[in-house]
Each structure stands twice: as structure tokens, then as C-alpha cells.
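Visitor: So that you have it, the file is model-v1.cif, and it contains mmCIF, C-alpha atoms and all ligand atoms:
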data_entry
#
loop_
_atom_site.label_atom_id
_atom_site.label_comp_id
_atom_site.auth_asym_id
_atom_site.auth_seq_id
_atom_site.Cartn_x
_atom_site.Cartn_y
_atom_site.Cartn_z
CA MET H 12 12.83 -12.30 15.33
CA LYS H 13 10.06 -9.71 15.02
CA ARG H 14 7.86 -10.07 11.98
CA ALA H 15 5.35 -7.32 11.24
CA CYS H 16 2.42 -7.34 8.83
CA TYR H 17 1.31 -4.17 7.01
CA PRO H 18 -2.24 -4.85 5.78
CA GLY H 19 -4.13 -2.60 3.39
CA SER H 20 -5.62 -2.11 -0.04
CA PHE H 21 -2.68 -0.34 -1.74
CA ASP H 22 -4.96 0.54 -4.66
CA PRO H 23 -2.52 1.83 -5.88
CA PRO H 24 0.55 2.09 -3.60
CA THR H 25 1.60 5.73 -2.99
CA TYR H 26 4.69 7.47 -1.63
CA GLY H 27 2.83 7.56 1.70
CA HIS H 28 2.64 3.76 1.79
CA LEU H 29 6.26 3.48 0.68
CA ASP H 30 7.38 5.77 3.48
CA ILE H 31 5.58 3.64 6.09
CA ILE H 32 7.04 0.48 4.52
CA THR H 33 10.58 1.88 4.58
CA ARG H 34 10.32 3.08 8.16
CA ALA H 35 8.63 -0.10 9.45
CA SER H 36 11.18 -2.31 7.67
CA SER H 37 13.96 -0.56 9.56
CA VAL H 38 12.25 -1.18 12.91
CA PHE H 39 11.27 -4.84 12.43
CA ASP H 40 13.32 -7.84 11.25
CA GLU H 41 10.78 -8.70 8.59
CA LEU H 42 7.85 -6.81 7.09
CA ILE H 43 5.12 -8.60 5.18
CA ILE H 44 2.87 -6.31 3.16
CA ALA H 45 -0.54 -7.97 2.93
CA ILE H 46 -2.94 -6.87 0.22
CA MET H 47 -6.13 -7.83 2.01
CA LYS H 48 -8.97 -9.24 -0.07
CA ASN H 49 -12.09 -7.20 0.59
CA PRO H 50 -15.22 -8.26 -1.31
CA ASN H 51 -16.96 -5.01 -0.28
CA LYS H 52 -14.39 -2.80 -1.98
CA ARG H 53 -14.18 -2.21 -5.71
CA ASN H 54 -10.52 -1.86 -6.47
CA ALA H 55 -9.07 -0.26 -9.59
CA PHE H 56 -6.14 -2.68 -9.71
CA THR H 57 -6.18 -6.46 -9.51
CA GLU H 58 -4.39 -8.21 -6.66
CA GLU H 59 -1.71 -9.39 -9.10
CA GLU H 60 -1.11 -5.83 -10.31
CA ARG H 61 -0.85 -4.53 -6.76
CA VAL H 62 1.55 -7.34 -5.77
CA ARG H 63 3.74 -6.51 -8.76
CA MET H 64 3.70 -2.76 -8.06
CA LEU H 65 4.56 -3.25 -4.38
CA GLN H 66 7.36 -5.68 -5.26
CA GLU H 67 8.71 -3.19 -7.75
CA ILE H 68 8.84 -0.26 -5.31
CA THR H 69 10.32 -2.37 -2.48
CA ARG H 70 12.98 -4.20 -4.48
CA ASP H 71 15.74 -2.43 -2.52
CA LEU H 72 14.30 -3.53 0.83
CA PRO H 73 15.46 -7.15 1.33
CA ASN H 74 13.40 -7.80 4.48
CA VAL H 75 10.09 -6.85 2.83
CA LYS H 76 7.74 -9.37 1.22
CA VAL H 77 4.38 -8.90 -0.49
CA VAL H 78 1.48 -11.34 -0.16
CA VAL H 79 -2.29 -11.40 -0.69
CA GLY H 80 -4.20 -11.85 2.57
CA HIS H 81 -7.73 -12.99 3.28
CA GLY H 82 -10.19 -13.22 6.14
CA LEU H 83 -9.72 -11.47 9.46
CA THR H 84 -6.53 -9.43 9.53
CA VAL H 85 -5.42 -10.69 12.97
CA GLU H 86 -5.99 -14.30 11.94
CA PHE H 87 -4.09 -13.77 8.74
CA ALA H 88 -1.22 -12.04 10.56
CA LYS H 89 -1.01 -14.94 12.99
CA SER H 90 -1.06 -17.48 10.15
CA ILE H 91 2.07 -15.89 8.66
CA GLY H 92 3.84 -15.70 12.03
CA ALA H 93 3.52 -11.92 12.50
CA GLN H 94 3.23 -10.52 16.01
CA VAL H 95 2.60 -6.92 14.99
CA LEU H 96 0.23 -5.06 12.65
CA ILE H 97 1.49 -1.85 11.07
CA ARG H 98 -0.88 0.99 10.19
CA GLY H 99 -0.37 4.61 9.23
CA ILE H 100 -2.10 7.68 10.61
CA ARG H 101 -2.40 10.85 8.59
CA ALA H 102 -5.04 12.90 10.41
CA VAL H 103 -7.86 12.76 12.94
CA MET H 104 -10.04 11.16 10.29
CA ASP H 105 -7.65 8.17 10.12
CA TYR H 106 -7.29 8.08 13.89
CA GLU H 107 -10.96 7.39 14.58
CA PHE H 108 -11.14 4.57 12.06
CA GLU H 109 -7.78 3.10 13.03
CA LEU H 110 -8.58 3.23 16.74
CA GLN H 111 -11.79 1.31 16.12
CA GLN H 112 -10.01 -1.31 14.01
CA ALA H 113 -7.11 -1.70 16.42
CA THR H 114 -9.45 -2.04 19.39
CA ALA H 115 -11.59 -4.62 17.58
CA ASN H 116 -8.43 -6.53 16.70
CA MET H 117 -7.36 -6.39 20.34
CA PHE H 118 -10.67 -7.97 21.35
CA LEU H 119 -10.14 -10.66 18.72
CA ASP H 120 -6.56 -11.44 19.69
CA GLU H 121 -4.62 -9.80 22.50
CA THR H 122 -1.31 -11.29 21.36
CA ILE H 123 -1.21 -9.18 18.19
CA GLU H 124 -0.17 -5.56 18.73
CA THR H 125 -0.99 -2.71 16.35
CA VAL H 126 1.86 -0.24 15.88
CA PHE H 127 1.08 3.11 14.27
CA PHE H 128 3.43 5.19 12.19
CA VAL H 129 2.55 8.86 11.96
CA ALA H 130 2.57 10.08 8.36
CA ARG H 131 5.53 12.19 7.34
CA PRO H 132 4.11 15.74 6.91
CA ARG H 133 4.93 15.86 3.20
CA TYR H 134 2.84 12.72 2.65
CA SER H 135 0.04 13.42 5.08
CA PHE H 136 -2.29 14.62 2.30
CA LEU H 137 -1.55 11.59 0.13
CA SER H 138 -4.04 8.81 -0.46
CA SER H 139 -4.75 6.16 -3.07
CA SER H 140 -8.15 7.72 -3.79
CA VAL H 141 -6.74 11.21 -4.39
CA SER H 142 -4.08 9.67 -6.66
CA LYS H 143 -6.79 7.86 -8.65
CA GLU H 144 -8.76 11.07 -9.03
CA ILE H 145 -5.67 12.89 -10.32
CA ALA H 146 -4.87 10.07 -12.78
CA LEU H 147 -8.46 10.00 -14.03
CA ASN H 148 -8.23 13.70 -14.79
CA ASN H 149 -4.86 13.50 -16.53
CA GLY H 150 -3.05 15.26 -13.66
CA ASP H 151 0.59 15.03 -12.66
CA LEU H 152 1.19 12.04 -10.39
CA THR H 153 4.90 12.52 -9.78
CA LYS H 154 4.49 13.71 -6.19
CA PHE H 155 2.02 10.94 -5.38
CA ILE H 156 3.06 7.68 -7.00
CA PRO H 157 6.57 6.15 -6.92
CA GLU H 158 8.35 6.65 -10.23
CA ALA H 159 8.82 2.94 -10.94
CA ILE H 160 5.06 2.33 -11.14
CA ILE H 161 3.77 5.64 -12.43
CA ASN H 162 3.40 4.32 -16.00
CA GLU H 163 1.35 1.36 -14.86
CA VAL H 164 -0.96 3.57 -12.80
CA GLU H 165 -1.45 6.02 -15.66
CA GLU H 166 -1.97 3.29 -18.26
CA GLU H 167 -4.72 1.84 -16.10
CA LEU H 168 -6.50 4.99 -15.01
CA ASN H 169 -5.74 7.92 -17.25
CA PRO H 170 -8.30 7.82 -20.07
CA GLN H 171 -5.86 9.57 -22.42
CA LYS H 172 -3.14 6.97 -21.83
CA LYS H 173 -5.25 3.89 -21.24
CA ASP H 174 -5.48 2.83 -24.87
CA ARG H 175 -1.79 3.21 -25.55
CA GLN H 176 0.47 0.17 -25.45
CA ARG H 177 1.08 -0.96 -21.88
CA ILE H 178 4.60 -0.48 -20.60
CA PRO H 179 5.60 -3.22 -18.14
CA VAL H 180 6.38 -2.10 -14.59
CA GLY H 181 10.03 -1.20 -14.12
CA LYS H 182 10.70 -0.57 -17.81
CA LYS H 183 11.24 2.89 -19.21
CA PRO H 184 9.20 3.70 -22.32
CA THR H 185 12.41 3.67 -24.35
CA GLU H 186 13.47 0.17 -23.26
CA LYS H 187 12.78 -2.77 -25.55
CA GLY H 188 11.05 -5.97 -24.54
P1 LIG N 201 -7.11 0.41 3.88
O1 LIG N 201 -8.16 0.18 2.82
O2 LIG N 201 -6.86 -0.77 4.76
O3 LIG N 201 -7.26 1.69 4.64
P2 LIG N 201 -4.94 1.69 2.45
O4 LIG N 201 -4.09 1.07 1.39
O5 LIG N 201 -5.76 2.86 2.07
O6 LIG N 201 -5.76 0.49 3.03
O7 LIG N 201 -4.02 2.12 3.68
C1 LIG N 201 -3.26 1.20 4.41
C2 LIG N 201 -2.69 1.88 5.63
O8 LIG N 201 -1.75 2.87 5.21
C3 LIG N 201 -3.71 2.62 6.49
O9 LIG N 201 -3.34 2.48 7.85
C4 LIG N 201 -3.58 4.06 6.07
O10 LIG N 201 -3.95 4.95 7.11
C5 LIG N 201 -2.09 4.13 5.78
N1 LIG N 201 -1.77 5.19 4.84
C6 LIG N 201 -2.31 5.41 3.63
N2 LIG N 201 -1.77 6.49 3.04
C7 LIG N 201 -0.85 6.98 3.92
C8 LIG N 201 0.04 8.12 3.93
N3 LIG N 201 0.06 9.00 2.93
N4 LIG N 201 0.83 8.29 5.01
C9 LIG N 201 0.77 7.43 6.04
N5 LIG N 201 -0.05 6.36 6.12
C10 LIG N 201 -0.85 6.14 5.07
#
Reformat the file's structure so that it appears as C-alpha cells.
Guide:
Amino acid sequence: MKRACYPGSFDPPTYGHLDIITRASSVFDELIIAIMKNPNKRNAFTEEERVRMLQEITRDLPNVKVVVGHGLTVEFAKSIGAQVLIRGIRAVMDYEFELQQATANMFLDETIETVFFVARPRYSFLSSSVSKEIALNNGDLTKFIPEAIINEVEEELNPQKKDRQRIPVGKKPTEKG
């Protein structure tokens, strides 16, 4: 039984994250997405919102779970019984950072392996920060953010939509309730 942990901020989750999640969930028996608490980062979405959004976009993937993690990533991974950390690499910029993190984690605990998934070319330009910038400027998010959560992202970030009534994740604007 191979359990992998995909740690990150997911602020908000993008199609790039979803692609890594889908691919990793087909390689490992179980994939735990861990929204890691990071007091040094100011996130646009609360942990609860990010959990809900990730659950919504992974509802068709039965071996995927979403949790909030804390402390050192390797320690947290071990505490949930994961033997592998999943990370994604888009470009050289990611590589340098990821190499440093993975090497530090190796020093901390040699029993936890980091496995990298190379970004699918059509998502290699995608990031949470670019998505936030587009939302803030009332741009079209359809190529960036999974459809099921696009309303929630826009309601939170797009100044023109922020004040409108919030539509719960997973509900179409026309649905009641
Ligand atoms: P962190 O703050 O830990 O970097 P992110 O949520 O930004 O968290 O990213 C989590 C992981 O997903 C990182 O390894 C990042 O490189 C990867 N990732 C982010 N966007 C993409 C994408 N479009 N394609 C592939 N991997 C991605």
C-alpha cells in the first residue's frame, strides 16, 4: 500500500494542481493532499475554503483525500503514513526551489522520497498567483481554474463580483439552496 502526500498552498487550486493530483492518484494507492499551514505566507483563501475547493474538484477520485498539514512537511507526511512526497515542476525556476526543498527533506528523513511530476505543457504557465492576478483584474479564469470552483474564486477575488451574493461551491448560479 503506497500512500503519497501532495503538500502545497493551493491558494487557489488550479488546473495545473488538478493535473498533478489526477496523475499521482493513478500511480499511488492513496493520495493525501496536504494544505500546509505557513505563517509566513498571506493566503487569499482560508484553509477551510481551500479544503472545500480541493474536495470539490477531486470528488471523482476516490483514492484522494484532503487535509490541513502543519510543521515540517516530512514529519507531517510520516504522521499520516505517507512514504512519498509529490511535487510538480513547471520550469527551471521551480526546479531550483524544488531541488533545495527535496534535498533538505532528504537530510531530515531519508525514508521519505520526493517524486516529481513534470507539468503538462498546456499547464506549465499556470500558477495560483497568476490566477489571482487575473481574477483581481476581472479576467477570464476558465483556462486556469477548474469549473466547479470558478465562482468561489471570482466571488472572493474579483472586485466586481465580490459584493454579489456568494454561490456555494458546486452549485450553478441557477440552482436554488
Ligand atoms: P507551494 O507554496 O508549496 O509552492 P503551490 O500550491 O504553489 O504550493 O504548489 C504546490 C506544488 O504544485 C509545487 O510543487 C508546484 O511546483 C506544483 N505546481 C503548481 N502549479 C503547477 C502546474 N501548473 N503544473 C505542475 N505543477 C504545479
Visitor: Name the closest residue to ligand LIG 201 (chain N) among the candidates H:Ala130, H:Val77, H:Leu65, H:Leu29; distances are taken between atoms, counting only C-alpha atoms and all ligand atoms.
Guide: H:Ala130
Visitor: Would you pick out the contacts of region 135-152 of chain H at 12 Å or less, using all atoms listed in the file, so that residues sharing its chain but fewer than 5 positions from it are not included, and give the list as a compact mmCIF listing (two decimals) with C-alpha atoms, in the coordinates of the input?
Guide:
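Listing of around-v6.txt after writing:
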# COMPACT_ATOMS: atom_id res chain seq x y z
CA GLY H 19 -4.13 -2.60 3.39
CA SER H 20 -5.62 -2.11 -0.04
CA PHE H 21 -2.68 -0.34 -1.74
CA ASP H 22 -4.96 0.54 -4.66
CA PRO H 23 -2.52 1.83 -5.88
CA PRO H 24 0.55 2.09 -3.60
CA THR H 25 1.60 5.73 -2.99
CA TYR H 26 4.69 7.47 -1.63
CA GLY H 27 2.83 7.56 1.70
CA HIS H 28 2.64 3.76 1.79
CA LEU H 29 6.26 3.48 0.68
CA ASP H 30 7.38 5.77 3.48
CA ILE H 31 5.58 3.64 6.09
CA ARG H 53 -14.18 -2.21 -5.71
CA ASN H 54 -10.52 -1.86 -6.47
CA ALA H 55 -9.07 -0.26 -9.59
CA PHE H 56 -6.14 -2.68 -9.71
CA ARG H 61 -0.85 -4.53 -6.76
CA GLY H 99 -0.37 4.61 9.23
CA ILE H 100 -2.10 7.68 10.61
CA ARG H 101 -2.40 10.85 8.59
CA ALA H 102 -5.04 12.90 10.41
CA VAL H 103 -7.86 12.76 12.94
CA MET H 104 -10.04 11.16 10.29
CA ASP H 105 -7.65 8.17 10.12
CA PHE H 128 3.43 5.19 12.19
CA VAL H 129 2.55 8.86 11.96
CA ALA H 130 2.57 10.08 8.36
CA PRO H 157 6.57 6.15 -6.92
CA GLU H 158 8.35 6.65 -10.23
CA ALA H 159 8.82 2.94 -10.94
CA ILE H 160 5.06 2.33 -11.14
CA ILE H 161 3.77 5.64 -12.43
CA ASN H 162 3.40 4.32 -16.00
CA GLU H 163 1.35 1.36 -14.86
CA VAL H 164 -0.96 3.57 -12.80
CA GLU H 165 -1.45 6.02 -15.66
CA GLU H 166 -1.97 3.29 -18.26
CA GLU H 167 -4.72 1.84 -16.10
CA LEU H 168 -6.50 4.99 -15.01
CA ASN H 169 -5.74 7.92 -17.25
CA PRO H 170 -8.30 7.82 -20.07
CA GLN H 171 -5.86 9.57 -22.42
CA LYS H 172 -3.14 6.97 -21.83
CA LYS H 173 -5.25 3.89 -21.24
Visitor: Would you mind telling me which residue in H:Glu67, H:Glu107, H:Glu58, H:Glu124 lies nearest to Lys13 (chain H) when using all atoms listed in the file?
Guide: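 The answer is H:Glu124, which sits nearest to Lys13 (chain H).
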Visitor: Given the choices H:Gln66, H:Thr33, H:Asn74, H:Thr122, which gets closest to ligand LIG 201 (chain N) if the distance is worked out from only C-alpha atoms and all ligand atoms?
Guide: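 Among the listed residues, the smallest separation from ligand LIG 201 (chain N) belongs to H:Thr33.
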Visitor: Have a look at H:Glu121, H:Glu41, H:Glu59, H:Asp71 and name the one nearest to Tyr17 (chain H); count all atoms listed in the file.
Guide: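 The answer is H:Glu41, which sits nearest to Tyr17 (chain H).
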Visitor: List every protein, DNA or RNA residue with an atom no more than 10 Å from (5.2, -15.1, 10.6) in the file's coordinates, counting all atoms listed in the file, and format the result as a count of residues only.
Guide: 17
Visitor: Interatomic distance between CA of Thr84 (chain H) and CA of Tyr106 (chain H)?
Guide: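 Distance between the two atoms: 18.1 Å.
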Visitor: With only C-alpha atoms as the basis for distance, which of H:Ala35, H:Val126, H:Val75, H:Ile68 is at the shortest distance from Arg98 (chain H)?
Guide: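 Nearest candidate to Arg98 (chain H) out of H:Ala35, H:Val126, H:Val75, H:Ile68: H:Val126.
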Visitor: Between CA of Lys76 (chain H) and CA of Thr153 (chain H), what is the distance, to one decimal in Å?
Guide: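 These atoms are spaced 24.7 Å apart.
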Visitor: For the atom pair CA of Thr114 (chain H) and CA of Val85 (chain H), what is the interatomic distance in Å to one decimal place?
Guide: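 Value for the CA of Thr114 (chain H)-CA of Val85 (chain H) distance: 11.5 Å.
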Visitor: Which residue out of H:Asn49, H:Ser36, H:Gln111, H:Thr57 has the minimum interatomic distance to ligand LIG 201 (chain N) when only C-alpha atoms and all ligand atoms are used?
Guide: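 So, comparing all the options, the nearest one is H:Asn49.
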